$ cat protein17.cif   # mmCIF, C-alpha atoms and all ligand atoms
data_start
loop_
_atom_site.label_atom_id
_atom_site.label_comp_id
_atom_site.auth_asym_id
_atom_site.auth_seq_id
_atom_site.Cartn_x
_atom_site.Cartn_y
_atom_site.Cartn_z
CA MET A 864 13.38 16.80 2.79
CA ASP A 865 10.10 18.32 3.84
CA SER A 866 7.85 17.54 6.75
CA HIS A 867 6.12 14.83 4.77
CA GLY A 868 9.13 12.58 4.93
CA PRO A 869 10.61 11.05 1.80
CA VAL A 870 9.59 13.23 -1.10
CA VAL A 871 6.96 11.84 -3.37
CA GLN A 872 6.93 12.88 -6.98
CA PRO A 873 3.90 12.27 -9.19
CA ALA A 874 4.58 9.78 -11.97
CA PRO A 875 6.02 12.20 -14.54
CA ASP A 876 4.75 10.48 -17.64
CA ALA A 877 1.41 9.27 -16.36
CA ASP A 878 -1.60 10.75 -18.12
CA PRO A 879 -4.04 11.85 -15.40
CA GLY A 880 -6.84 11.55 -17.94
CA VAL A 881 -6.26 7.83 -18.38
CA ARG A 882 -8.03 5.75 -15.74
CA ALA A 883 -8.35 2.05 -15.49
CA THR A 884 -11.11 2.68 -12.99
CA GLY A 885 -11.36 4.83 -9.95
CA VAL A 886 -9.34 3.46 -7.09
CA THR A 887 -9.89 4.04 -3.40
CA ALA A 888 -6.84 3.12 -1.35
CA VAL A 889 -6.99 1.82 2.21
CA VAL A 890 -3.91 2.02 4.41
CA PRO A 891 -4.04 0.13 7.72
CA LEU A 892 -2.00 1.76 10.45
CA ARG A 893 -2.08 0.16 13.86
CA ASP A 894 -0.62 2.88 16.07
CA GLY A 895 2.64 4.60 16.89
CA VAL A 896 3.49 2.43 19.87
CA SER A 897 3.02 -1.29 19.34
CA GLY A 898 3.97 -1.49 15.67
CA LYS A 899 7.29 -2.59 14.23
CA SER A 900 7.72 -4.92 17.18
CA ARG A 901 10.15 -7.07 15.19
CA LEU A 902 12.54 -4.11 15.25
CA ALA A 903 12.30 -3.59 19.02
CA SER A 904 15.70 -5.20 19.57
CA VAL A 905 17.44 -2.47 17.57
CA LEU A 906 15.13 0.55 17.79
CA ASP A 907 13.74 2.05 20.99
CA ASP A 908 10.14 3.26 21.28
CA ASP A 909 10.87 6.76 19.98
CA ALA A 910 12.86 5.48 17.02
CA ARG A 911 10.13 2.98 16.11
CA ARG A 912 7.53 5.70 16.33
CA ALA A 913 9.63 7.90 14.04
CA LEU A 914 10.05 5.01 11.64
CA ILE A 915 6.33 4.19 11.59
CA THR A 916 5.61 7.87 10.96
CA VAL A 917 8.00 8.38 8.08
CA LEU A 918 7.02 5.11 6.39
CA ALA A 919 3.32 5.91 6.65
CA GLN A 920 3.92 9.41 5.32
CA HIS A 921 5.75 7.95 2.37
CA VAL A 922 3.07 5.40 1.51
CA VAL A 923 0.12 7.75 1.92
CA GLY A 924 1.93 10.54 0.07
CA THR A 925 2.78 8.16 -2.73
CA LEU A 926 -0.83 7.01 -3.06
CA LEU A 927 -2.08 10.59 -3.09
CA ALA A 928 0.43 11.42 -5.83
CA THR A 929 -0.84 8.60 -8.04
CA PRO A 930 -3.27 9.83 -10.70
CA GLN A 931 -5.47 6.73 -10.60
CA VAL A 932 -6.05 6.96 -6.85
CA ASP A 933 -9.08 9.08 -6.00
CA GLY A 934 -8.72 9.01 -2.26
CA VAL A 935 -6.98 7.35 0.65
CA VAL A 936 -8.60 6.04 3.81
CA VAL A 937 -6.29 5.38 6.75
CA VAL A 938 -7.89 2.88 9.11
CA THR A 939 -6.24 3.03 12.47
CA ALA A 940 -6.48 1.93 16.06
CA ASP A 941 -4.88 5.23 17.09
CA ALA A 942 -6.61 8.12 15.34
CA PRO A 943 -4.76 10.91 17.23
CA PHE A 944 -1.42 9.43 16.21
CA ALA A 945 -2.52 8.94 12.59
CA ARG A 946 -3.83 12.47 12.35
CA SER A 947 -0.68 13.99 13.78
CA ALA A 948 1.54 11.84 11.55
CA LEU A 949 -0.43 12.24 8.33
CA GLY A 950 -2.86 15.13 8.69
CA GLU A 951 -0.75 17.54 6.66
CA LEU A 952 -1.12 15.29 3.64
CA SER A 953 -4.76 16.32 3.47
CA ASP A 954 -3.42 19.28 1.50
CA VAL A 955 -2.16 16.90 -1.18
CA GLY A 956 -5.36 14.96 -1.87
CA HIS A 957 -8.46 13.33 -0.49
CA LEU A 958 -7.42 11.76 2.78
CA ALA A 959 -9.77 10.27 5.36
CA PHE A 960 -9.20 8.72 8.75
CA LEU A 961 -11.33 5.90 10.06
CA ALA A 962 -11.15 4.86 13.69
CA GLN A 963 -11.00 1.08 13.94
CA PRO A 964 -13.78 -0.12 16.22
CA THR A 965 -12.27 -1.40 19.46
CA ASP A 966 -14.46 -4.50 19.31
CA ARG A 967 -12.95 -5.38 15.93
CA PRO A 968 -9.23 -5.78 16.61
CA GLY A 969 -6.62 -6.96 14.15
CA LEU A 970 -5.50 -6.11 10.63
CA ASN A 971 -8.14 -8.02 8.67
CA ALA A 972 -10.95 -6.69 10.85
CA ALA A 973 -9.64 -3.16 10.34
CA LEU A 974 -9.78 -3.64 6.58
CA ASP A 975 -13.30 -5.05 6.78
CA ALA A 976 -14.36 -1.98 8.72
CA ALA A 977 -12.81 0.32 6.12
CA ARG A 978 -14.44 -1.54 3.25
CA GLU A 979 -17.82 -1.27 4.93
CA ALA A 980 -17.34 2.44 5.63
CA ILE A 981 -16.36 3.14 2.05
CA GLY A 982 -19.26 1.06 0.74
CA SER A 983 -21.78 2.84 2.88
CA ARG A 984 -20.27 6.25 2.04
CA LEU A 985 -20.46 7.52 5.56
CA PRO A 986 -21.25 11.20 5.77
CA GLU A 987 -18.50 13.46 7.03
CA THR A 988 -20.23 13.74 10.38
CA ALA A 989 -20.71 10.04 11.01
CA PRO A 990 -19.77 9.32 14.62
CA GLY A 991 -16.44 7.58 14.80
CA GLY A 992 -16.38 7.40 11.06
CA ILE A 993 -14.67 9.12 8.20
CA ASP A 994 -14.07 12.75 9.00
CA VAL A 995 -12.85 13.85 5.60
CA ALA A 996 -14.79 12.57 2.63
CA PRO A 997 -12.46 10.64 0.34
CA GLY A 998 -13.81 12.45 -2.67
CA GLY A 999 -16.64 11.96 -5.10
CA ALA A 1000 -15.81 8.41 -5.89
CA PRO A 1001 -17.27 7.39 -9.23
CA THR A 1002 -18.52 3.85 -9.59
CA PRO A 1003 -17.30 1.31 -10.43
CA HIS A 1004 -14.53 1.62 -7.95
CA ALA A 1005 -11.62 -0.63 -7.12
CA LEU A 1006 -10.23 -1.08 -3.63
CA LEU A 1007 -6.48 -1.04 -3.10
CA VAL A 1008 -5.05 -2.10 0.25
CA ALA A 1009 -1.50 -0.85 0.79
CA HIS A 1010 0.52 -1.51 3.92
CA ALA A 1011 2.02 1.54 5.57
CA ASP A 1012 5.60 0.24 5.55
CA LEU A 1013 6.74 0.22 1.92
CA PRO A 1014 9.67 2.65 1.73
CA ALA A 1015 10.51 2.13 -1.96
CA LEU A 1016 6.95 2.43 -3.27
CA THR A 1017 6.47 4.95 -6.10
CA PRO A 1018 3.43 6.37 -7.90
CA GLY A 1019 4.64 4.50 -10.97
CA ASP A 1020 4.47 1.20 -9.08
CA ILE A 1021 0.87 1.91 -8.15
CA THR A 1022 -0.08 2.99 -11.65
CA ASP A 1023 1.42 -0.22 -12.98
CA LEU A 1024 -0.48 -2.26 -10.43
CA VAL A 1025 -3.89 -0.73 -10.99
CA MET A 1026 -3.89 -0.36 -14.77
CA PRO A 1027 -5.72 -3.20 -16.53
CA ALA A 1028 -2.54 -4.70 -17.92
CA ALA A 1029 -1.16 -5.39 -14.43
CA GLY A 1030 -0.18 -9.02 -14.35
CA HIS A 1031 -0.08 -9.33 -18.12
CA ALA A 1032 3.08 -11.10 -19.17
CA SER A 1033 5.48 -8.28 -19.93
CA ARG A 1034 9.11 -7.90 -20.71
CA ARG A 1035 10.58 -6.40 -17.58
CA ARG A 1036 13.43 -4.03 -18.07
CA PRO A 1037 16.22 -3.99 -15.52
CA GLU A 1038 15.44 -1.61 -12.69
CA ARG A 1039 16.57 1.90 -13.42
CA PRO A 1040 19.10 3.33 -11.03
CA ALA A 1041 17.47 5.55 -8.42
CA THR A 1042 17.53 9.15 -9.57
CA ARG A 1043 17.16 12.04 -7.19
CA HIS A 1044 15.14 10.04 -4.71
CA PRO A 1045 13.96 6.46 -4.46
CA ALA A 1046 10.44 7.66 -5.19
CA GLY A 1047 11.64 9.22 -8.45
CA ARG A 1048 11.79 5.88 -10.24
CA ALA A 1049 8.21 6.24 -11.43
CA SER A 1050 7.29 5.18 -14.92
CA SER A 1051 4.10 4.39 -16.77
CA ASP A 1052 5.94 2.78 -19.66
CA PRO A 1053 4.07 -0.49 -20.28
CA ALA A 1054 7.38 -2.28 -20.68
CA ASP A 1055 8.13 -1.35 -17.08
CA ARG A 1056 4.95 -2.91 -15.76
CA PRO A 1057 5.58 -5.41 -12.99
CA ALA A 1058 6.22 -8.93 -14.10
CA PRO A 1059 3.71 -11.46 -12.87
CA ALA A 1060 5.08 -13.66 -10.13
CA SER A 1061 2.43 -16.22 -10.95
CA GLY A 1062 -1.01 -16.60 -12.39
CA GLY A 1063 -0.49 -14.11 -15.21
CA ASP A 1064 -1.52 -16.27 -18.12
CA ALA A 1065 -3.22 -13.68 -20.29
CA PRO A 1066 -3.10 -14.40 -24.02
CA SER A 1067 0.12 -12.99 -25.39
CA GLY A 1068 -0.10 -9.53 -26.92
CA ARG A 1069 -3.38 -8.66 -25.22
CA PRO A 1070 -3.57 -7.14 -21.78
CA HIS A 1071 -6.02 -8.80 -19.44
CA ALA A 1072 -7.44 -7.27 -16.33
CA ALA A 1073 -7.37 -9.57 -13.35
CA ASP A 1074 -10.06 -9.24 -10.71
CA VAL A 1075 -7.49 -9.49 -7.96
CA VAL A 1076 -3.89 -8.28 -8.06
CA ILE A 1077 -1.58 -9.41 -5.27
CA ALA A 1078 1.74 -7.59 -4.87
CA THR A 1079 3.83 -9.99 -2.87
CA ASP A 1080 6.80 -9.24 -0.62
CA ARG A 1081 10.45 -9.93 -1.40
CA MET A 1082 10.20 -13.46 -0.01
CA GLY A 1083 7.17 -14.17 -2.19
CA GLN A 1084 5.17 -15.17 0.90
CA GLY A 1085 3.19 -12.13 2.00
CA THR A 1086 0.93 -9.50 0.47
CA ASN A 1087 2.14 -5.91 0.57
CA LEU A 1088 -0.62 -4.52 -1.66
CA LEU A 1089 -3.90 -6.06 -2.74
CA LEU A 1090 -6.14 -4.70 -5.49
CA LEU A 1091 -9.76 -5.80 -5.69
CA ARG A 1092 -11.39 -4.65 -8.89
CA PRO A 1093 -15.11 -3.89 -9.04
CA GLY A 1094 -17.00 -7.13 -8.64
CA ALA A 1095 -14.33 -8.59 -6.38
CA GLU A 1096 -14.32 -5.97 -3.67
CA HIS A 1097 -17.33 -7.08 -1.62
CA GLU A 1098 -17.06 -10.83 -1.11
CA PHE A 1099 -13.30 -11.24 -0.92
CA ARG A 1100 -12.11 -12.26 2.57
CA PHE A 1101 -8.96 -10.50 3.65
CA ARG A 1102 -6.38 -13.05 4.75
CA PHE A 1103 -3.44 -10.88 5.73
CA GLY A 1104 -0.97 -12.58 8.04
CA PRO A 1105 1.56 -15.39 7.58
CA ALA A 1106 1.62 -16.82 4.04
CA SER A 1107 -1.03 -14.35 2.93
CA ARG A 1108 -0.01 -14.52 -0.70
CA ALA A 1109 -1.12 -18.15 -0.94
CA ALA A 1110 -4.16 -17.43 1.22
CA HIS A 1111 -5.24 -14.58 -1.07
CA GLU A 1112 -4.66 -16.67 -4.18
CA ALA A 1113 -6.80 -19.40 -2.62
CA GLU A 1114 -9.50 -16.90 -1.71
CA ALA A 1115 -9.65 -15.67 -5.31
CA ALA A 1116 -9.90 -19.26 -6.53
CA ARG A 1117 -12.68 -19.96 -4.04
CA LEU A 1118 -14.68 -17.10 -5.50
CA GLY A 1119 -13.87 -17.99 -9.10
CA LEU A 1120 -11.96 -14.75 -9.57
CA ARG A 1121 -8.94 -14.34 -11.78
CA ALA A 1122 -5.90 -13.38 -9.70
CA VAL A 1123 -2.39 -12.41 -10.61
CA THR A 1124 0.55 -12.09 -8.27
CA ILE A 1125 3.12 -9.50 -9.18
CA SER A 1126 6.43 -8.31 -7.86
CA SER A 1127 8.39 -5.16 -8.52
CA PRO A 1128 11.18 -3.60 -6.47
CA GLY A 1129 8.95 -0.83 -5.16
CA THR A 1130 6.09 -3.09 -4.09
CA ALA A 1131 8.16 -6.00 -2.76
CA VAL A 1132 10.23 -4.07 -0.25
CA ASP A 1133 8.67 -3.74 3.17
CA LEU A 1134 10.45 -3.00 6.39
CA ASP A 1135 9.66 -5.37 9.25
CA THR A 1136 12.99 -6.85 10.24
CA VAL A 1137 16.69 -6.07 10.43
CA ASP A 1138 17.14 -8.31 7.40
CA ASP A 1139 14.66 -6.15 5.51
CA TRP A 1140 16.65 -3.09 6.53
CA ASN A 1141 19.91 -4.62 5.30
CA GLU A 1142 18.27 -5.58 2.00
CA LEU A 1143 16.90 -2.10 1.25
CA PRO A 1144 18.28 -0.34 -1.81
CA ALA A 1145 21.03 1.98 -0.59
CA ALA A 1146 19.23 5.18 -1.56
CA VAL A 1147 16.08 4.12 0.29
CA ARG A 1148 18.07 3.06 3.36
CA SER A 1149 19.78 6.41 3.39
CA ALA A 1150 16.49 8.34 3.09
CA VAL A 1151 14.75 6.35 5.84
CA GLY A 1152 17.86 6.32 8.01
CA ARG A 1153 17.65 10.06 8.40
CA TYR A 1154 14.49 9.53 10.45
CA ALA A 1155 15.23 6.32 12.31
CA ARG A 1156 18.80 5.47 13.24
CA PHE A 1157 19.51 1.81 12.70
CA PRO A 1158 22.74 0.35 14.02
CA SER A 1159 25.38 -0.27 11.35
CA PRO A 1160 25.46 -3.88 10.15
N1 LIG A 1201 -5.57 -0.65 11.70
C1 LIG A 1201 -4.71 -1.67 11.94
N2 LIG A 1201 -3.59 -1.78 11.21
C2 LIG A 1201 -2.74 -2.81 11.49
C3 LIG A 1201 -3.00 -3.75 12.50
N3 LIG A 1201 -1.97 -4.64 12.54
C4 LIG A 1201 -1.11 -4.25 11.59
N4 LIG A 1201 -1.56 -3.14 10.95
C5 LIG A 1201 -0.93 -2.43 9.84
O1 LIG A 1201 -0.80 -3.35 8.78
C6 LIG A 1201 0.43 -3.17 8.09
C7 LIG A 1201 1.25 -4.44 8.15
O2 LIG A 1201 1.53 -4.63 9.50
P1 LIG A 1201 2.53 -5.71 10.05
O3 LIG A 1201 3.79 -5.71 9.25
O4 LIG A 1201 1.81 -6.99 10.18
O5 LIG A 1201 2.82 -5.15 11.51
P2 LIG A 1201 3.84 -4.03 11.96
O6 LIG A 1201 3.23 -3.28 13.08
O7 LIG A 1201 4.27 -3.19 10.81
O8 LIG A 1201 5.08 -4.84 12.45
P3 LIG A 1201 5.21 -5.98 13.59
O9 LIG A 1201 4.79 -5.41 14.90
O10 LIG A 1201 6.66 -6.32 13.57
O11 LIG A 1201 4.33 -7.13 13.16
C8 LIG A 1201 1.08 -1.96 8.74
O12 LIG A 1201 0.70 -0.83 8.00
C9 LIG A 1201 0.47 -1.93 10.13
O13 LIG A 1201 0.46 -0.65 10.72
C10 LIG A 1201 -4.21 -3.60 13.26
O14 LIG A 1201 -4.52 -4.37 14.17
N5 LIG A 1201 -5.02 -2.54 12.94
C1 LIG A 1202 0.61 -8.92 7.22
C2 LIG A 1202 1.48 -9.21 6.26
O1 LIG A 1202 2.77 -8.82 6.21
P1 LIG A 1202 3.88 -8.51 7.27
O2 LIG A 1202 3.32 -8.81 8.63
O3 LIG A 1202 5.03 -9.38 6.92
O4 LIG A 1202 4.15 -7.09 7.02
C3 LIG A 1202 1.10 -9.98 5.05
O5 LIG A 1202 1.98 -10.13 4.19
O6 LIG A 1202 -0.03 -10.45 4.97
#

$ encode --input "protein17.cif" --output "structure tokens" --more "lines below"
Ligand SMILES: Nc1nc2c(ncn2[C@@H]2O[C@H](COP(=O)(O)OP(=O)(O)OP(=O)(O)O)[C@@H](O)[C@H]2O)c(=O)[nH]1
Ligand SMILES: C=C(OP(=O)(O)O)C(=O)O
Amino acid sequence: MDSHGPVVQPAPDADPGVRATGVTAVVPLRDGVSGKSRLASVLDDDARRALITVLAQHVVGTLLATPQVDGVVVVTADAPFARSALGELSDVGHLAFLAQPTDRPGLNAALDAAREAIGSRLPETAPGGIDVAPGGAPTPHALLVAHADLPALTPGDITDLVMPAAGHASRRRPERPATRHPAGRASSDPADRPAPASGGDAPSGRPHAADVVIATDRMGQGTNLLLLRPGAEHEFRFRFGPASRAAHEAEAARLGLRAVTISSPGTAVDLDTVDDWNELPAAVRSAVGRYARFPSP
């Protein structure tokens, strides 16, 4: 394994020339100290820091390896930590770091700050702002929020989520067994597109692009990734936190936007608790476990 943590392979069968729309990804990353507090009973500070690092490397590397993603902005309360954890990935693609304003604490405020920075296209030299331009983003542009703790996420999952057919009622094949690495499960086969968890009521046989795509967690309660297509990306209020899936569905309804909620193994698996750890696919647990030693169950 290289210094970027779990290896990320580009989706092998994705056509880089095919774009639903340009996508700018935003990854919130609190810091390397206070995060993963729900694992504090089993992991000490150093182990949690290592875990936060390897998970963030995996998510950001996966986004950068996804053909539809033009750039990634990491919004963080701890820029030195984020740069040291992720800076090397700048070689892979357009990666920017945005320091979260100290007077705007919290996850939703961090995302608001990132959205504003992207919208105003801060110059590279903007004080406290983006220090690496996320790339010549064409308009219209979609905004994809992805949490930094999704160890089974693959480029294929992201392609499936951002392509216009995401949320269209599809026949889901059984998950393929993990190949060389959990991130190697990528596919752009339409039949592998994530099944809608709810709200996907597009006419049969015709893909329909939702304005808002919510990738929920394995309990069906939270939001691990959130796509706002052009037209939805400005007004939508981020409602991350407890029961955010329902809150985001309600927010879309409030704005008269069409939303779909999807779930696939790679998007649903986050790592917040010991239960999450025990539920990880074995290959993913083994890859992550090389960086953060969890006690045996
Ligand atoms: N920039 C920023 N990111 C945050 C903040 N709070 C959470 N995040 C990030 O948002 C994502 C989801 O975070 P949570 O699962 O709620 O928190 P966590 O730190 O991973 O875990 P817990 O401490 O157990 O809640 C992760 O990528 C976090 O790093 C915040 O206040 N600012
Ligand atoms: C913040 C969220 O998730 P979690 O804290 O469970 O990672 C969420 O699902 O909105």

$ residues_near_ligand --input "protein17.cif" --ligand "ligand LIG 1201 (chain A)" --cutoff "6 Å" --atoms "all atoms listed in the file" --output "list in words"
Pro891, Leu892, Arg893, Gly898, Lys899, Ser900, Arg901, Val938, Thr939, Ala940, Pro968, Gly969, Leu970, Ala973, His1010, Ala1011, Asp1012 and Asp1135 of chain A

$ closest_atom_pairs --input "protein17.cif" --of "chain A" --to "ligand LIG 1202 (chain A)" --cutoff "8 Å" --atoms "only C-alpha atoms and all ligand atoms" --output "CSV"
residue,atom,partner,partner_atom,distance
A:Leu970,CA,A:LIG1202,C1,7.5
A:His1010,CA,A:LIG1202,O4,7.3
A:Asp1012,CA,A:LIG1202,O4,7.6
A:Thr1079,CA,A:LIG1202,O5,7.3
A:Asp1080,CA,A:LIG1202,O5,6.9
A:Gln1084,CA,A:LIG1202,O5,6.8
A:Gly1085,CA,A:LIG1202,O5,3.2
A:Thr1086,CA,A:LIG1202,O5,3.9
A:Asn1087,CA,A:LIG1202,O5,5.6
A:Arg1102,CA,A:LIG1202,O6,6.9
A:Phe1103,CA,A:LIG1202,O6,3.5
A:Gly1104,CA,A:LIG1202,O6,3.9
A:Pro1105,CA,A:LIG1202,O6,5.8
A:Ala1106,CA,A:LIG1202,O6,6.6
A:Ser1107,CA,A:LIG1202,O6,4.5
A:Arg1108,CA,A:LIG1202,O5,6.9
A:Asp1133,CA,A:LIG1202,O4,6.8
A:Leu1134,CA,A:LIG1202,O4,7.5
A:Asp1135,CA,A:LIG1202,O4,6.2

$ closest_residue --input "protein17.cif" --among "A:Ala1109, A:Ala888, A:Arg911, A:Val1075" --to "Thr1136 in chain A" --atoms "all atoms listed in the file"
A:Arg911

$ atom_distance --input "protein17.cif" --atom1 "CA of Pro1158 in chain A" --atom2 "CA of Ala1078 in chain A"
29.3 Å

$ residues_around --input "protein17.cif" --residues "Ala962 in chain A" --least-positions-apart "3" --cutoff "12 Å" --atoms "all atoms listed in the file" --output "PyMOL selection string"
chain A and resi 891-894+936-946+959+965-968+972-974+976-977+980+989-994

$ atom_distance --input "protein17.cif" --atom1 "CA of Tyr1154 in chain A" --atom2 "CA of Ala919 in chain A"
12.3 Å

$ atom_distance --input "protein17.cif" --atom1 "CA of Ala1113 in chain A" --atom2 "CA of Val923 in chain A"
28.4 Å

$ residues_around --input "protein17.cif" --residues "Leu902 in chain A" --least-positions-apart "6" --cutoff "12 Å" --atoms "only C-alpha atoms" --output "list of chain:residue names"
A:Asp908, A:Asp909, A:Ala910, A:Arg911, A:Arg912, A:Leu914, A:Ile915, A:Leu1134, A:Asp1135, A:Thr1136, A:Val1137, A:Asp1138, A:Asp1139, A:Trp1140, A:Ala1155, A:Arg1156, A:Phe1157, A:Pro1158

$ closest_residue --input "protein17.cif" --among "A:Ala948, A:Ala1122, A:Val917, A:Leu1013" --to "Arg1153 in chain A" --atoms "only C-alpha atoms"
A:Val917

$ residues_around --input "protein17.cif" --residues "Leu952 in chain A" --least-positions-apart "3" --cutoff "10 Å" --atoms "all atoms listed in the file" --output "PyMOL selection string"
chain A and resi 866-867+920+923-924+927+946+948-949+955-958

$ residues_around --input "protein17.cif" --residues "range 1091-1095 of chain A" --least-positions-apart "6" --cutoff "8 Å" --atoms "all atoms listed in the file" --output "list in words"
Pro1003, His1004, Ala1005, Leu1006, Leu1007, Ala1073, Asp1074, Val1075, Val1076 and Leu1120 of chain A

$ closest_residue --input "protein17.cif" --among "A:Ala903, A:Ala913, A:Leu1024, A:Val890" --to "Arg978 in chain A" --atoms "all atoms listed in the file"
A:Val890
